[in-house]
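Undergrad: Sharing target36.cif, mmCIF, C-alpha atoms:
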data_entry
#
loop_
_atom_site.label_atom_id
_atom_site.label_comp_id
_atom_site.auth_asym_id
_atom_site.auth_seq_id
_atom_site.Cartn_x
_atom_site.Cartn_y
_atom_site.Cartn_z
CA MET A 1 120.56 90.53 96.86
CA ASN A 2 122.01 88.10 99.43
CA GLY A 3 120.56 85.75 102.04
CA LYS A 4 117.09 84.39 102.55
CA THR A 5 113.96 85.57 100.79
CA PHE A 6 110.31 85.24 101.76
CA SER A 7 107.45 84.37 99.42
CA GLY A 8 104.38 84.77 101.64
CA ASN A 9 101.49 87.16 100.95
CA PHE A 10 101.07 89.93 103.53
CA THR A 11 97.42 90.53 102.62
CA GLN A 12 96.28 86.89 102.56
CA GLN A 13 93.98 86.11 105.47
CA GLU A 14 92.87 82.65 106.54
CA PRO A 15 89.76 81.24 104.83
CA ILE A 16 86.39 81.90 106.43
CA PRO A 17 85.61 78.81 108.60
CA GLU A 18 83.35 76.18 107.07
CA ASP A 19 80.64 76.63 109.70
CA ALA A 20 80.61 80.37 108.96
CA ILE A 21 80.30 79.63 105.24
CA ALA A 22 77.40 77.27 105.99
CA ALA A 23 75.68 79.94 108.09
CA ALA A 24 76.17 82.51 105.34
CA THR A 25 74.79 80.10 102.73
CA GLU A 26 71.70 79.56 104.87
CA VAL A 27 71.14 83.32 105.03
CA LEU A 28 71.58 83.64 101.27
CA ARG A 29 69.07 80.88 100.61
CA SER A 30 66.55 82.54 102.91
CA GLY A 31 66.87 85.87 101.14
CA ARG A 32 66.51 87.57 104.54
CA LEU A 33 69.74 89.54 104.59
CA HIS A 34 68.32 92.72 106.14
CA ARG A 35 68.53 92.53 109.91
CA TYR A 36 64.87 93.43 110.45
CA ASN A 37 63.53 91.11 107.72
CA MET A 38 62.60 88.05 109.76
CA VAL A 39 59.67 85.71 110.31
CA ALA A 40 57.78 85.31 113.57
CA GLY A 41 59.79 83.43 116.18
CA GLU A 42 63.08 83.94 114.32
CA GLU A 43 66.01 85.86 115.78
CA PRO A 44 68.30 87.36 113.14
CA HIS A 45 72.04 86.77 113.09
CA ALA A 46 72.70 90.48 113.64
CA ALA A 47 70.84 90.42 116.96
CA LEU A 48 72.47 87.15 117.98
CA LEU A 49 75.92 88.59 117.20
CA GLU A 50 75.16 91.63 119.36
CA ARG A 51 74.19 89.41 122.27
CA GLU A 52 77.18 87.11 121.87
CA TYR A 53 79.69 89.93 121.47
CA ALA A 54 78.30 91.80 124.47
CA ALA A 55 78.72 88.62 126.54
CA TRP A 56 82.26 88.08 125.23
CA GLN A 57 83.23 91.69 125.91
CA GLY A 58 81.44 91.83 129.26
CA ALA A 59 79.37 94.83 128.12
CA ARG A 60 75.73 95.54 128.83
CA HIS A 61 74.90 96.62 125.27
CA CYS A 62 76.30 95.99 121.78
CA LEU A 63 75.36 97.43 118.39
CA ALA A 64 76.45 95.89 115.06
CA THR A 65 77.25 98.47 112.37
CA THR A 66 78.40 98.67 108.77
CA SER A 67 82.00 99.53 109.70
CA GLY A 68 84.30 100.53 112.52
CA GLY A 69 84.29 104.08 111.18
CA ALA A 70 80.49 104.13 111.29
CA ALA A 71 80.65 102.97 114.91
CA LEU A 72 83.00 105.87 115.72
CA GLN A 73 80.67 108.41 114.09
CA ILE A 74 77.65 106.98 115.87
CA ALA A 75 79.54 107.09 119.17
CA LEU A 76 80.27 110.80 118.79
CA ARG A 77 76.71 111.66 117.77
CA ALA A 78 75.28 109.56 120.60
CA LEU A 79 77.43 111.54 123.04
CA GLY A 80 76.00 114.78 121.69
CA VAL A 81 79.11 116.03 119.89
CA ARG A 82 78.05 118.91 117.65
CA PRO A 83 79.55 120.84 114.73
CA GLY A 84 82.36 123.06 115.93
CA ASP A 85 83.11 121.00 119.05
CA ARG A 86 86.70 119.96 119.58
CA VAL A 87 87.54 116.29 120.02
CA LEU A 88 90.95 115.05 121.16
CA THR A 89 92.62 112.07 119.52
CA ASN A 90 96.08 110.60 118.97
CA ALA A 91 98.30 112.09 116.29
CA PHE A 92 99.35 108.53 115.35
CA THR A 93 96.25 106.83 114.01
CA LEU A 94 94.60 105.95 110.71
CA ALA A 95 92.42 108.25 108.62
CA PRO A 96 88.99 106.90 109.71
CA VAL A 97 89.52 108.25 113.24
CA PRO A 98 89.93 111.96 112.44
CA GLY A 99 87.54 111.27 109.56
CA ALA A 100 84.80 110.28 112.02
CA ILE A 101 85.39 113.44 114.03
CA HIS A 102 85.27 115.59 110.90
CA ALA A 103 82.18 113.77 109.61
CA VAL A 104 80.10 114.97 112.56
CA GLY A 105 81.33 118.53 112.01
CA ALA A 106 83.72 118.53 114.97
CA GLU A 107 87.35 119.62 114.95
CA PRO A 108 90.09 117.03 115.62
CA VAL A 109 92.73 118.18 118.11
CA LEU A 110 95.72 115.89 117.77
CA VAL A 111 97.75 114.77 120.78
CA ASP A 112 101.44 113.83 120.53
CA ILE A 113 102.61 110.25 121.03
CA THR A 114 105.56 108.74 122.87
CA PRO A 115 108.30 106.54 121.35
CA ASP A 116 106.24 103.59 122.58
CA LEU A 117 103.53 104.66 120.07
CA VAL A 118 100.90 105.52 122.67
CA ILE A 119 99.24 108.81 123.56
CA ASP A 120 101.41 111.28 125.48
CA LEU A 121 99.43 111.86 128.66
CA ASP A 122 101.21 115.10 129.52
CA ASP A 123 100.32 116.52 126.11
CA LEU A 124 96.79 115.18 126.53
CA ALA A 125 96.41 117.09 129.81
CA ARG A 126 97.77 120.29 128.24
CA LYS A 127 95.55 120.09 125.17
CA ALA A 128 92.47 119.11 127.14
CA THR A 129 92.87 122.34 129.12
CA ALA A 130 93.76 124.51 126.13
CA SER A 131 91.10 123.18 123.75
CA GLY A 132 88.11 122.94 126.04
CA ALA A 133 87.34 119.55 124.48
CA ARG A 134 85.02 117.26 126.40
CA VAL A 135 85.59 114.05 124.42
CA LEU A 136 88.73 111.98 123.89
CA MET A 137 88.62 109.49 121.03
CA LEU A 138 91.48 107.29 122.22
CA SER A 139 92.95 105.50 119.24
CA LEU A 140 94.70 102.32 120.33
CA MET A 141 96.65 102.39 117.12
CA ARG A 142 98.19 99.13 115.98
CA GLY A 143 97.22 97.53 119.29
CA HIS A 144 99.51 99.52 121.58
CA LEU A 145 97.89 100.11 124.97
CA PRO A 146 98.87 103.11 127.08
CA ASP A 147 98.63 103.00 130.86
CA MET A 148 94.84 102.87 130.88
CA ASP A 149 94.62 103.66 134.59
CA ARG A 150 96.48 106.93 134.00
CA VAL A 151 94.48 107.68 130.86
CA MET A 152 91.24 107.45 132.80
CA ASP A 153 92.68 109.53 135.65
CA VAL A 154 93.61 112.30 133.21
CA ALA A 155 90.21 112.02 131.51
CA THR A 156 88.35 112.25 134.81
CA SER A 157 90.39 115.20 136.07
CA HIS A 158 89.76 117.12 132.82
CA GLY A 159 86.11 116.19 132.39
CA LEU A 160 86.71 114.07 129.28
CA THR A 161 84.35 111.35 128.08
CA VAL A 162 86.42 108.58 126.50
CA VAL A 163 85.55 106.71 123.30
CA GLU A 164 87.99 103.84 122.75
CA ASP A 165 88.90 103.13 119.14
CA CYS A 166 89.62 99.41 119.48
CA ALA A 167 89.92 98.55 115.79
CA HIS A 168 93.34 96.98 116.52
CA THR A 169 92.74 95.82 120.11
CA MET A 170 89.84 93.38 120.06
CA GLY A 171 90.83 90.98 122.81
CA ALA A 172 93.71 93.07 124.15
CA ARG A 173 93.77 93.66 127.91
CA TRP A 174 95.15 96.12 130.43
CA ASP A 175 95.73 94.50 133.83
CA GLY A 176 93.32 91.75 132.82
CA ARG A 177 90.55 94.12 131.72
CA LEU A 178 89.45 94.05 128.09
CA SER A 179 90.17 96.96 125.80
CA GLY A 180 86.92 98.78 125.09
CA SER A 181 85.66 98.50 128.66
CA PHE A 182 87.44 101.56 130.10
CA GLY A 183 85.71 104.39 128.26
CA THR A 184 82.03 105.17 128.03
CA ILE A 185 81.96 103.62 124.55
CA GLY A 186 84.19 101.07 122.84
CA CYS A 187 84.26 100.76 119.03
CA PHE A 188 85.59 97.77 117.09
CA SER A 189 86.13 96.88 113.44
CA THR A 190 85.53 93.63 111.58
CA GLN A 191 87.20 94.77 108.38
CA THR A 192 89.25 92.04 106.70
CA TYR A 193 92.60 93.02 108.27
CA LYS A 194 91.22 93.08 111.83
CA HIS A 195 90.70 90.25 114.33
CA LEU A 196 87.31 89.18 112.98
CA ASN A 197 86.74 89.26 109.23
CA SER A 198 83.47 90.20 107.54
CA GLY A 199 85.03 92.34 104.82
CA GLU A 200 83.56 95.43 106.46
CA GLY A 201 81.71 95.79 109.73
CA GLY A 202 81.82 97.29 113.18
CA LEU A 203 80.68 96.82 116.76
CA LEU A 204 79.90 99.42 119.42
CA VAL A 205 79.65 98.56 123.11
CA THR A 206 78.55 100.56 126.14
CA ASP A 207 76.98 100.06 129.54
CA ASP A 208 74.96 103.27 129.24
CA PRO A 209 71.32 102.58 128.19
CA ARG A 210 70.68 106.17 127.05
CA ILE A 211 73.72 106.14 124.78
CA MET A 212 72.80 102.74 123.36
CA ALA A 213 69.25 103.89 122.63
CA ARG A 214 70.61 106.89 120.74
CA ALA A 215 73.14 104.70 118.92
CA ILE A 216 70.51 102.16 117.82
CA ILE A 217 68.30 104.90 116.36
CA LEU A 218 71.34 106.48 114.68
CA SER A 219 72.27 103.16 113.09
CA GLY A 220 68.93 103.14 111.28
CA SER A 221 66.55 101.04 113.36
CA TYR A 222 63.47 103.10 112.52
CA MET A 223 61.02 102.03 115.27
CA LEU A 224 62.26 98.43 115.24
CA TYR A 225 64.74 98.97 118.07
CA ASP A 226 63.28 96.13 120.13
CA ARG A 227 64.67 93.68 117.56
CA HIS A 228 68.26 94.22 118.71
CA GLY A 229 70.23 91.69 120.69
CA THR A 230 70.91 93.83 123.77
CA PRO A 231 68.52 96.80 123.68
CA PRO A 232 67.88 98.98 126.72
CA GLU A 233 64.41 99.27 128.20
CA PRO A 234 61.79 100.89 125.91
CA GLU A 235 61.71 104.11 127.95
CA ALA A 236 65.34 104.79 126.98
CA PHE A 237 64.09 105.43 123.42
CA ALA A 238 61.43 107.96 124.41
CA ASP A 239 63.46 110.99 123.28
CA ALA A 240 66.09 109.29 121.10
CA ARG A 241 63.58 108.15 118.49
CA TYR A 242 62.67 111.78 117.79
CA GLU A 243 66.08 113.40 118.24
CA MET A 244 68.52 111.11 116.44
CA PRO A 245 68.90 111.06 112.63
CA ASN A 246 68.88 107.80 110.70
CA LEU A 247 72.38 107.10 109.33
CA SER A 248 71.56 103.75 107.69
CA ALA A 249 74.61 102.10 109.24
CA ARG A 250 73.13 98.70 110.11
CA MET A 251 75.08 95.47 109.84
CA ASP A 252 73.26 92.87 107.74
CA ASN A 253 72.59 89.25 108.64
CA LEU A 254 75.06 87.91 106.09
CA ARG A 255 78.04 89.58 107.72
CA ALA A 256 76.77 88.74 111.20
CA ALA A 257 76.43 85.08 110.21
CA ILE A 258 80.05 85.05 109.05
CA LEU A 259 81.26 86.66 112.27
CA ARG A 260 79.54 84.54 114.90
CA PRO A 261 81.61 81.35 114.34
CA GLN A 262 84.77 83.46 114.17
CA LEU A 263 83.99 85.00 117.55
CA ALA A 264 83.92 81.50 119.03
CA ARG A 265 87.53 81.03 117.79
CA LEU A 266 88.82 84.48 118.74
CA ASN A 267 90.65 83.53 121.94
CA ASP A 268 92.50 80.73 120.14
CA ASN A 269 93.46 83.09 117.31
CA ILE A 270 94.74 85.71 119.74
CA ALA A 271 97.10 83.09 121.15
CA ARG A 272 98.24 82.19 117.62
CA TRP A 273 98.89 85.85 116.72
CA ASN A 274 100.86 86.39 119.89
CA GLU A 275 102.97 83.29 119.26
CA ARG A 276 103.95 84.64 115.85
CA HIS A 277 104.56 88.15 117.14
CA ALA A 278 106.76 86.84 119.96
CA ALA A 279 108.92 84.82 117.55
CA LEU A 280 109.42 87.83 115.29
CA GLU A 281 109.99 90.26 118.14
CA ALA A 282 112.61 88.04 119.78
CA ILE A 283 114.75 88.15 116.64
CA LEU A 284 114.32 91.90 116.11
CA ARG A 285 115.44 92.58 119.68
CA THR A 286 118.85 91.06 118.87
CA CYS A 287 119.59 93.95 116.49
CA PRO A 288 121.04 97.16 118.00
CA ALA A 289 119.87 99.17 114.97
CA ILE A 290 116.19 98.33 115.63
CA ALA A 291 114.14 100.01 118.36
CA LEU A 292 110.91 98.32 119.46
CA PRO A 293 108.25 99.99 121.59
CA ASP A 294 108.24 98.94 125.23
CA ARG A 295 105.13 97.12 126.39
CA PRO A 296 104.15 97.48 130.07
CA ASP A 297 103.73 94.27 132.04
CA LYS A 298 100.02 95.02 132.50
CA ALA A 299 99.41 95.17 128.74
CA LEU A 300 98.35 92.08 126.79
CA ARG A 301 98.55 92.94 123.11
CA VAL A 302 97.07 91.09 120.14
CA GLY A 303 100.10 90.69 117.88
CA SER A 304 98.47 90.91 114.46
CA SER A 305 101.10 93.45 113.36
CA ILE A 306 104.48 94.69 114.48
CA GLN A 307 106.06 98.15 114.54
CA PHE A 308 109.66 99.19 114.96
CA ARG A 309 111.93 102.19 114.39
CA LEU A 310 115.39 102.66 112.92
CA PRO A 311 116.47 105.70 114.96
CA GLY A 312 118.73 108.22 113.27
CA ILE A 313 118.02 107.34 109.65
CA ASP A 314 116.97 109.96 107.11
CA ALA A 315 114.24 109.74 104.47
CA ASP A 316 116.55 108.36 101.78
CA ALA A 317 117.76 105.61 104.09
CA ALA A 318 114.17 104.77 105.05
CA ARG A 319 113.14 104.42 101.42
CA SER A 320 116.22 102.30 100.74
CA PHE A 321 115.33 100.01 103.65
CA VAL A 322 111.76 99.53 102.40
CA ASP A 323 113.04 98.76 98.90
CA ALA A 324 115.67 96.32 100.19
CA THR A 325 113.23 94.35 102.31
CA ALA A 326 110.66 94.33 99.51
CA ALA A 327 113.26 92.84 97.17
CA ARG A 328 113.52 89.96 99.64
CA GLY A 329 109.74 89.54 99.89
CA VAL A 330 109.02 91.47 103.10
CA GLU A 331 106.37 94.18 102.75
CA LEU A 332 106.73 97.15 105.10
CA LYS A 333 104.82 100.39 105.50
CA TRP A 334 106.80 103.52 106.40
CA PHE A 335 105.03 106.25 108.34
CA GLY A 336 107.58 108.89 107.43
CA ALA A 337 106.64 109.08 103.75
CA ALA A 338 105.67 112.51 102.43
CA GLU A 339 102.70 111.13 100.50
CA PRO A 340 99.96 108.69 101.60
CA ALA A 341 100.19 105.18 100.16
CA GLY A 342 97.61 102.41 100.40
CA TYR A 343 96.13 102.41 103.89
CA THR A 344 99.02 104.40 105.34
CA SER A 345 98.86 108.14 105.87
CA THR A 346 99.80 110.59 108.58
CA TRP A 347 98.19 113.70 110.00
CA ARG A 348 99.99 115.96 107.50
CA SER A 349 97.95 114.39 104.68
CA TRP A 350 94.62 115.19 106.37
CA ARG A 351 94.28 118.70 105.03
CA TYR A 352 90.80 119.17 106.43
CA LEU A 353 92.49 119.58 109.83
CA SER A 354 93.26 122.99 111.24
CA PRO A 355 97.02 123.81 111.43
CA GLN A 356 98.75 121.96 114.27
CA SER A 357 102.29 121.47 115.53
CA LEU A 358 103.35 117.91 116.35
CA THR A 359 107.13 117.98 116.25
CA ARG A 360 107.61 115.06 118.61
CA THR A 361 105.20 112.82 116.71
CA ASP A 362 106.76 113.76 113.37
CA LYS A 363 110.20 112.74 114.65
CA ILE A 364 108.90 109.36 115.80
CA LEU A 365 106.96 108.65 112.62
CA SER A 366 109.90 109.60 110.39
CA THR A 367 111.70 106.37 111.35
CA LEU A 368 108.69 104.13 112.03
CA PHE A 369 107.94 100.95 110.07
CA ASP A 370 104.88 98.74 110.23
CA MET A 371 104.18 95.18 109.11
CA ARG A 372 101.13 92.92 109.15
CA ILE A 373 101.34 89.41 110.64
CA PRO A 374 98.51 87.40 109.07
CA LEU A 375 97.69 84.01 110.55
CA THR A 376 98.51 82.46 107.19
CA PHE A 377 102.17 82.89 108.26
CA SER A 378 103.73 80.16 110.37
CA VAL A 379 106.03 80.77 113.32
CA ALA A 380 108.92 79.69 111.08
CA ASP A 381 107.81 82.26 108.49
CA CYS A 382 107.96 84.96 111.15
CA GLN A 383 111.44 83.88 112.14
CA THR A 384 112.56 84.11 108.50
CA ILE A 385 111.05 87.60 108.19
CA GLY A 386 112.82 88.63 111.40
CA GLU A 387 116.16 87.44 110.07
CA ILE A 388 115.67 89.40 106.84
CA LEU A 389 114.77 92.57 108.71
CA VAL A 390 117.77 92.24 111.02
CA GLU A 391 120.14 91.65 108.11
CA GLU A 392 118.87 94.68 106.19
CA ALA A 393 118.80 96.95 109.24
CA THR A 394 122.35 95.88 110.14
CA ALA A 395 123.54 96.48 106.59
CA LEU A 396 121.89 99.92 106.55
CA ALA A 397 123.53 100.85 109.84
CA ALA A 398 126.91 99.63 108.65
CA GLY A 399 126.58 101.64 105.46
CA ALA A 400 125.71 104.77 107.41
CA ARG A 401 128.83 104.37 109.54
CA ALA A 402 131.12 103.67 106.59
#
Let me see the file written as structure tokens.
TA:
Amino acid sequence: MNGKTFSGNFTQQEPIPEDAIAAATEVLRSGRLHRYNMVAGEEPHAALLEREYAAWQGARHCLATTSGGAALQIALRALGVRPGDRVLTNAFTLAPVPGAIHAVGAEPVLVDITPDLVIDLDDLARKATASGARVLMLSLMRGHLPDMDRVMDVATSHGLTVVEDCAHTMGARWDGRLSGSFGTIGCFSTQTYKHLNSGEGGLLVTDDPRIMARAIILSGSYMLYDRHGTPPEPEAFADARYEMPNLSARMDNLRAAILRPQLARLNDNIARWNERHAALEAILRTCPAIALPDRPDKALRVGSSIQFRLPGIDADAARSFVDATAARGVELKWFGAAEPAGYTSTWRSWRYLSPQSLTRTDKILSTLFDMRIPLTFSVADCQTIGEILVEEATALAAGARA
């Protein structure tokens, strides 16, 4: 092994802020962790988080849930998706997205991606027509934004209701407009590796009062729906309270208390992530062996991870590259692996899916690598990582030519 090494931890997040710890301690001392367990005149943290996140997002309604996956399931049920319905989604995503579709009894129909790691809109149009699907769960995987104007044009022309999976795009923007505000519903995650950290948690936003009423009942409000931060008018619940099942997917006050101070820092942290991503990306772009996805000028990404391809390599070379970078302290995920590992899997591992053909996506994923950029890394750390990746990619390319 030659050259620099890196000793940072790719799973180490920043500590929870002291004011968030103080808020959590106050909740623990009160014993009132359940969102509906409050005294007269008190507003629970869960309701306050809903109000504050709705204001931050510019949405009319927000619902706090147990996880991003729970938010996705609730979104589908609130839209009236039923067992046997087909739901379109990206072929490049993580398991909770098709898992949410399958959990409501629907059938995931996977849409190919482009080399820029976004949904292929031509394939979307074809499959929308062929499948008869009426819902698109648009997974903004790893923070890559497609042309959202074109996405919505295709959705409108094919009668598709759009649910945005924004687990990786909290704070991202297309032409100045926040991710999660294009579709009928936007779903976010506050799992530890996302942009707000409560261990697990989710947020659902919409401007539609009927959908929010259904979502609140689905989350497990019983008849306490007026205790939410941004509830619709009481008449919106007239039918929902009888028609929607209780999924017990409520966020508790402890997690909400941890999240509220983090939300106040989110814009600053987005700038910090993007500074680190830019430093790493600039170095990777100097290497002819590395291909990075293009990002349209209208897209503002949140750079909490980075993805790149090594076009033309085979599976043995990909495994060798992962091993070589790991030996120098850089932890990569490879989306071309035959077996799932850790959080990484591809559509071929989701055997509950019906048979599908995704040749273009398979070719892209076979040479695709992924890496987290936690805020515990400095800009200098990211530059060191970039140098290691360039050296190993260059060496791999030179060996292939030899």
Undergrad: Output the residue selection produced by the PyMOL selection byres ((chain A and resi 368) around 8) on the file above, formatted as a ChimeraX atom specification.
TA: /A:307-310,334-336,364-367,369-370
Undergrad: Residues within 9 Å of Pro17 (chain A), please, as a list in words. Count all atoms listed in the file; anything in the same chain fewer than 5 positions from it doesn't count.
TA: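 So, after excluding close chain neighbours, the residues are Ala22, Ile258, Pro261 and Gln262 of chain A.
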Undergrad: Pull C-alpha atoms from the residues just selected and write them as a short mmCIF file (atom, residue, chain, number, x, y, z; two decimals), in the coordinates of the input.
TA:
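Okay, result_35.cif is ready:
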data_model
loop_
_atom_site.label_atom_id
_atom_site.label_comp_id
_atom_site.auth_asym_id
_atom_site.auth_seq_id
_atom_site.Cartn_x
_atom_site.Cartn_y
_atom_site.Cartn_z
CA ALA A 22 77.40 77.27 105.99
CA ILE A 258 80.05 85.05 109.05
CA PRO A 261 81.61 81.35 114.34
CA GLN A 262 84.77 83.46 114.17
#
Undergrad: Need to verify the contact set: Gly329 (chain A), 8 Å, only C-alpha atoms, exclusion of same-chain residues closer than 5 positions in sequence. Can you return it as a list of chain:residue names?
TA: A:Thr5, A:Phe6, A:Ser7, A:Gly8
Undergrad: Please provide the set of residues having any atom within 7 Å of Asp252 (chain A), restricted to only C-alpha atoms, with same-chain residues fewer than 4 positions apart removed, written as a PyMOL selection string.
TA: chain A and resi 33-35+46+256
Undergrad: Measuring between all atoms listed in the file, which one of A:Ala249, A:Ile185, A:Leu49, A:Ala172 shows the shortest distance to Thr65 (chain A)?
TA: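 Answer, going by the shortest atom-to-atom distance: A:Ala249.
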Undergrad: Would you mind telling me which residue in A:Asn37, A:Gln12, A:Ser354, A:Thr384 lies nearest to Asn197 (chain A) when using all atoms listed in the file?
TA: A:Gln12
Undergrad: Please determine, counting only C-alpha atoms, which residue among A:Pro311, A:Pro108, A:Gly199, A:Pro231 has the shortest atom-to-atom distance to Ile16 (chain A).
TA: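 For Ile16 (chain A), the nearest of the given residues is A:Gly199.
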Undergrad: Spell out the residues picked by the PyMOL selection byres ((chain A and resi 125) around 12) here, as a VMD selection string.
TA: chain A and resid 88 111 to 112 119 to 124 126 to 134 136 150 to 160
Undergrad: Let me make sure I understand: among A:Glu387, A:Glu243, A:Glu14, A:Glu42, which one has the smallest atom-to-atom distance to Arg285 (chain A) if we use only C-alpha atoms?
TA: A:Glu387
Undergrad: Using all atoms listed in the file, find the one residue out of A:Ile283, A:Leu145, A:Met170, A:Leu358 that sits nearest to Pro296 (chain A).
TA: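 Of the candidates, the smallest distance to Pro296 (chain A) is held by A:Leu145.
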Undergrad: Find the residue from A:Ala24, A:Leu389, A:Ala264, A:Ala257 that sits nearest to Ala326 (chain A); use only C-alpha atoms when measuring.
TA: A:Leu389
Undergrad: Spell out the residues picked by the PyMOL selection byres ((chain A and resi 90-98) around 9) here, as a PDB file with C-alpha atoms, in the coordinates of the input.
TA:
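See result31.pdb below for the written result:
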ATOM      1  CA  GLY A  68      84.300 100.530 112.520  1.00  0.00           C
ATOM      2  CA  GLY A  69      84.290 104.080 111.180  1.00  0.00           C
ATOM      3  CA  LEU A  72      83.000 105.870 115.720  1.00  0.00           C
ATOM      4  CA  GLN A  73      80.670 108.410 114.090  1.00  0.00           C
ATOM      5  CA  LEU A  88      90.950 115.050 121.160  1.00  0.00           C
ATOM      6  CA  THR A  89      92.620 112.070 119.520  1.00  0.00           C
ATOM      7  CA  GLY A  99      87.540 111.270 109.560  1.00  0.00           C
ATOM      8  CA  ALA A 100      84.800 110.280 112.020  1.00  0.00           C
ATOM      9  CA  ILE A 101      85.390 113.440 114.030  1.00  0.00           C
ATOM     10  CA  HIS A 102      85.270 115.590 110.900  1.00  0.00           C
ATOM     11  CA  ALA A 103      82.180 113.770 109.610  1.00  0.00           C
ATOM     12  CA  GLU A 107      87.350 119.620 114.950  1.00  0.00           C
ATOM     13  CA  PRO A 108      90.090 117.030 115.620  1.00  0.00           C
ATOM     14  CA  VAL A 109      92.730 118.180 118.110  1.00  0.00           C
ATOM     15  CA  LEU A 110      95.720 115.890 117.770  1.00  0.00           C
ATOM     16  CA  VAL A 111      97.750 114.770 120.780  1.00  0.00           C
ATOM     17  CA  ASP A 112     101.440 113.830 120.530  1.00  0.00           C
ATOM     18  CA  ILE A 113     102.610 110.250 121.030  1.00  0.00           C
ATOM     19  CA  LEU A 117     103.530 104.660 120.070  1.00  0.00           C
ATOM     20  CA  VAL A 118     100.900 105.520 122.670  1.00  0.00           C
ATOM     21  CA  ILE A 119      99.240 108.810 123.560  1.00  0.00           C
ATOM     22  CA  ASP A 120     101.410 111.280 125.480  1.00  0.00           C
ATOM     23  CA  LEU A 124      96.790 115.180 126.530  1.00  0.00           C
ATOM     24  CA  LEU A 136      88.730 111.980 123.890  1.00  0.00           C
ATOM     25  CA  MET A 137      88.620 109.490 121.030  1.00  0.00           C
ATOM     26  CA  LEU A 138      91.480 107.290 122.220  1.00  0.00           C
ATOM     27  CA  SER A 139      92.950 105.500 119.240  1.00  0.00           C
ATOM     28  CA  LEU A 140      94.700 102.320 120.330  1.00  0.00           C
ATOM     29  CA  MET A 141      96.650 102.390 117.120  1.00  0.00           C
ATOM     30  CA  ARG A 142      98.190  99.130 115.980  1.00  0.00           C
ATOM     31  CA  ASP A 165      88.900 103.130 119.140  1.00  0.00           C
ATOM     32  CA  TYR A 343      96.130 102.410 103.890  1.00  0.00           C
ATOM     33  CA  THR A 344      99.020 104.400 105.340  1.00  0.00           C
ATOM     34  CA  SER A 345      98.860 108.140 105.870  1.00  0.00           C
ATOM     35  CA  THR A 346      99.800 110.590 108.580  1.00  0.00           C
ATOM     36  CA  TRP A 347      98.190 113.700 110.000  1.00  0.00           C
ATOM     37  CA  TRP A 350      94.620 115.190 106.370  1.00  0.00           C
ATOM     38  CA  LEU A 353      92.490 119.580 109.830  1.00  0.00           C
ATOM     39  CA  LEU A 358     103.350 117.910 116.350  1.00  0.00           C
ATOM     40  CA  THR A 361     105.200 112.820 116.710  1.00  0.00           C
ATOM     41  CA  LEU A 365     106.960 108.650 112.620  1.00  0.00           C
TER      42      LEU A 365
END
Undergrad: For a test of reading the model, state the distance in Å between CA of Glu233 (chain A) and CA of Ser248 (chain A), rounded to one decimal.
TA: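 So the two atoms, CA of Glu233 (chain A) and CA of Ser248 (chain A), lie 22.2 Å apart.
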Undergrad: Which distance in Å separates CA of Ser219 (chain A) and CA of Ala55 (chain A), to one decimal?
TA: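 These atoms are spaced 20.8 Å apart.
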Undergrad: Report as a ChimeraX atom specification all protein, DNA and RNA residues lying within 12 Å of Ala278 (chain A), evaluated on only C-alpha atoms, omitting residues in the same chain fewer than 3 positions from it.
TA: /A:271-275,281-285,301-306,373,379-380,382-383,386
Undergrad: I need the residues from that last selection saved to file as a CSV table (one decimal), in the frame of the given file (with C-alpha atoms), if you can.
TA:
chain,number,residue,atom,x,y,z
A,271,ALA,CA,97.1,83.1,121.2
A,272,ARG,CA,98.2,82.2,117.6
A,273,TRP,CA,98.9,85.8,116.7
A,274,ASN,CA,100.9,86.4,119.9
A,275,GLU,CA,103.0,83.3,119.3
A,281,GLU,CA,110.0,90.3,118.1
A,282,ALA,CA,112.6,88.0,119.8
A,283,ILE,CA,114.8,88.2,116.6
A,284,LEU,CA,114.3,91.9,116.1
A,285,ARG,CA,115.4,92.6,119.7
A,301,ARG,CA,98.6,92.9,123.1
A,302,VAL,CA,97.1,91.1,120.1
A,303,GLY,CA,100.1,90.7,117.9
A,304,SER,CA,98.5,90.9,114.5
A,305,SER,CA,101.1,93.4,113.4
A,306,ILE,CA,104.5,94.7,114.5
A,373,ILE,CA,101.3,89.4,110.6
A,379,VAL,CA,106.0,80.8,113.3
A,380,ALA,CA,108.9,79.7,111.1
A,382,CYS,CA,108.0,85.0,111.2
A,383,GLN,CA,111.4,83.9,112.1
A,386,GLY,CA,112.8,88.6,111.4
Undergrad: For a test of reading the model, state the distance in Å between CA of Val135 (chain A) and CA of Pro293 (chain A), rounded to one decimal.
TA: 26.8 Å
Undergrad: How big is the axis-aligned box around the listed atoms of region 16-23 of chain A once 8 Å is added on each side, and where is its centre? Give both in Å to one decimal, as lines of an AutoDock Vina configuration file.
TA:
center_x = 81.0
center_y = 79.0
center_z = 107.5
size_x = 26.7
size_y = 21.7
size_z = 20.5
Undergrad: Using all atoms listed in the file, determine which residues lie at most 9 Å from Asp294 (chain A), disregarding the query and same-chain residues fewer than 2 positions distant; provide the list as a PyMOL selection string.
TA: chain A and resi 115-116+292+296
